[in-house]
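Reviewing the structure listed below.
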Amino acid sequence: MKIFHCDHCGQLLFFENVVCVRCGRALAYVPDAADVVSLDFVGGTIWAAPALASRVRLCENYTQRNVCNWAIPEADPHSLCRSCRFTWTIPNLGRAGNDQRWYKLEVAKRRLLYTLDQLGLALENKTDAPSSGLTFHFLEDPEPGTGERVMTGHDGGDITINVAEADETERVRRRESLNEPFRTLLGHFRHEVGHYYWDRLIRDGSRIAPFRDLFGDERADYQAALDRHYQAGPPAGWQDAFVSAYATMHPWEDWAETWAHYLHMTDALATAAACGMSIAPQRADEPRARTVPDPMGDTKVAFDAMMTTWGTISYVLNNLNRGLGRGDAYPFVLAPRSVEKLRFVHETVATAARR
C-alpha cells in the first residue's frame, strides 16, 4: 500500500479515510489515479477533484450506506464504484451488527483489489465479463437446524465469504478450534482469489506442467483429500514443503495458500518501501535492510532480493508485536521448498502482468 496525503493540507491519510482530520475536506479514492484525493462539492451528485483537474461522483454505497469511500468518473453511468460492482450479495442489513460486518468485508475487498491492480493483474466483474469475471457473495449461516452452514470458498469465479468472519470474536474462535496460527478477513479474500487466478493463469496454460511438478497433481480427488485432512491432519514434517498445514490438503489449497502469502508479502513490503523504511541494527550479524524494495513498483524487484528483505521485515514485525503483547504478525517459517513455490507464484504474476 502506498502512503497517501491530503492534497489540500498535506495531512497523512489512510486508504479508508473519508474526511481529512486536519482540514476537514471530504476525501475519496479514485481508482484510475490510484490515489485518495480531496473533493469540493459542485452540486447535485458532482464533486470536483482539484488534484486531478476532473469531476467525480461518489459511490452510492459511500453516500447512502457508509461502507465505501471510492469515487466514480463523472461520465460513468454506474451508481456503484468499480469495487462495489464486484459484490453481488450483501448481508441481511436487518440483522443487528451486519452493517458493520459488511463495512469490514468491503474494506478487505477494496484492499485486495488495490493490490491486484498494483500487481498489474487483470480483473473484471461478472456483469462485464460473464464467462471469466469475478463476484463476491457475503452470506451468513441460517438459524440452527434450518439449513447448512455457509462455507467460505470459490466456485467458477464466485467467491463466498461467511459474514461471521467479519466478527472478531467468532473468527478467533474458529482460528483456535482449527488450531490455525493466522486467520484474518483479508487473508480469506487473498486465499480465495488465488483459486480464481489458478483458473485464469494455470489451468489451461503452459504453466500447468511445472505447477504439477512443484505443487502436485490437482486432479486428485478433492473431497477425499478434504476428508483425509480433517480426519488425520497434516502429515509429519509438513513444514519442510508447505507454507501452512492447510496447504497440505490438496494442490489447489497449496497454491491458494502460497498465493495468499505472496500477497501478504508484496503488500507489506510495498508499504514498508513507501514509508521509507530501513533497518540498521547495531550488530552486523542481525537482520538488516538498508532499503526496502517495492515489489509493486515500476521496476519489478528480483525475487531473491524480495525474499531476503521479507525475512528482515517479518523478524521486526514479530518483535514489535511481541512488544505490544500480541502474537507474531507473521507466524510462519518458510522452508526452501515453500520459497520455490512462492517463486513460481511471483513468475506467474509477472508473466500475467506483462501480458
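Just remember, in the C-alpha cells the first chain shown is A, the second B, etc., residues are 1-based per chain, and ligands are 1-based in the order shown.
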Per-residue DSSP, stretch 12-244 of chain A, filtered to strand (DSSP E or B), as a ChimeraX atom specification: /A:12-13,19,26-30,35-43,46-49,54-58,70-73,87-89,125,134-139,153-155,158-162
Since we have the selection now, will you write its residues out, keeping C-alpha atoms, as a compact mmCIF listing (two decimals), in the first residue's frame?
```txt
# COMPACT_ATOMS: atom_id res chain seq x y z
CA LEU A 12 -1.16 11.83 6.27
CA LEU A 13 -4.13 9.67 5.26
CA VAL A 19 -12.55 13.10 5.77
CA ALA A 26 -14.12 15.27 2.02
CA LEU A 27 -11.95 12.51 0.57
CA ALA A 28 -12.40 9.69 -1.91
CA TYR A 29 -10.22 7.07 -3.53
CA VAL A 30 -10.07 7.41 -7.31
CA ASP A 35 -4.90 7.98 -5.09
CA VAL A 36 -7.01 9.34 -2.23
CA VAL A 37 -7.92 12.90 -3.18
CA SER A 38 -9.72 15.83 -1.58
CA LEU A 39 -13.06 16.94 -3.01
CA ASP A 40 -15.01 20.16 -3.46
CA PHE A 41 -18.79 19.92 -3.72
CA VAL A 42 -20.07 21.23 -7.07
CA GLY A 43 -23.77 20.45 -6.93
CA ILE A 46 -20.95 16.03 -8.70
CA TRP A 47 -17.74 16.73 -6.84
CA ALA A 48 -14.57 18.37 -8.14
CA ALA A 49 -11.20 16.69 -7.54
CA SER A 54 -11.54 16.35 -13.01
CA ARG A 55 -15.02 15.78 -11.65
CA VAL A 56 -16.36 12.66 -9.99
CA ARG A 57 -19.44 11.20 -8.35
CA LEU A 58 -19.40 9.26 -5.10
CA TRP A 70 -14.45 5.22 -3.73
CA ALA A 71 -15.35 7.69 -6.47
CA ILE A 72 -16.73 7.18 -9.97
CA PRO A 73 -15.78 9.21 -13.06
CA THR A 87 -20.27 -7.53 -4.69
CA TRP A 88 -23.39 -9.37 -5.82
CA THR A 89 -24.77 -10.42 -2.44
CA ASN A 125 -16.71 -8.45 -12.57
CA LEU A 134 -15.34 -12.44 -10.52
CA THR A 135 -18.11 -11.84 -7.98
CA PHE A 136 -18.34 -11.79 -4.19
CA HIS A 137 -21.21 -13.10 -2.10
CA PHE A 138 -21.33 -12.21 1.60
CA LEU A 139 -23.61 -14.80 3.19
CA GLY A 153 -14.87 -20.70 -0.84
CA HIS A 154 -14.56 -20.19 -4.59
CA ASP A 155 -16.50 -21.77 -7.43
CA ASP A 158 -17.96 -16.79 -7.44
CA ILE A 159 -16.28 -16.13 -4.08
CA THR A 160 -18.40 -16.68 -0.98
CA ILE A 161 -17.30 -15.24 2.35
CA ASN A 162 -19.14 -16.21 5.51
```
From A:Gly194, A:Ala305, A:Asn179, A:Thr45, residue lying nearest A:Leu121 [only C-alpha atoms]: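 Ranking A:Gly194, A:Ala305, A:Asn179, A:Thr45 by distance to A:Leu121, first place goes to A:Gly194.
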Residue among A:Ala164, A:Ile313, A:Ala268, A:Ala256 lying closest to A:Asp199, counting only C-alpha atoms: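 So, comparing all the options, the nearest one is A:Ala256.
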A:Ala166 surroundings by only C-alpha atoms, 12 Å radius, close-in-sequence under 2 positions cut, as a PyMOL selection string: chain A and resi 91+97-109+138-140+152+161-164+168-172+174+183-189
Distance of atom CA of A:Pro295 from atom CA of A:Ala209, expressed in Å to one decimal place: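 Rounded to one decimal, the two atoms are 26.4 Å apart.
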Contacts of A:Trp255 within 9 Å, only C-alpha atoms, excl. fewer than 4 positions in-chain, as a list of chain:residue names: A:His191, A:Gly194, A:His195, A:Trp198, A:Phe211, A:Phe215, A:Ala247, A:His250, A:Pro251, A:Trp259, A:Ala260, A:Lys341, A:Val345
Show which residues sit within 9 Å of A:Leu334, as a tab-separated table (two decimals) with C-alpha atoms, in the first residue's frame. Count only C-alpha atoms, and ignore same-chain residues fewer than 5 positions away.
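What follows is the written file result-v5.tsv:
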```tsv
chain	number	residue	atom	x	y	z
A	239	GLN	CA	6.73	-27.61	7.46
A	240	ASP	CA	9.52	-28.71	5.12
A	241	ALA	CA	7.39	-28.21	2.00
A	242	PHE	CA	4.27	-26.15	2.76
A	243	VAL	CA	3.51	-22.61	3.94
A	339	VAL	CA	10.18	-20.42	-1.22
```
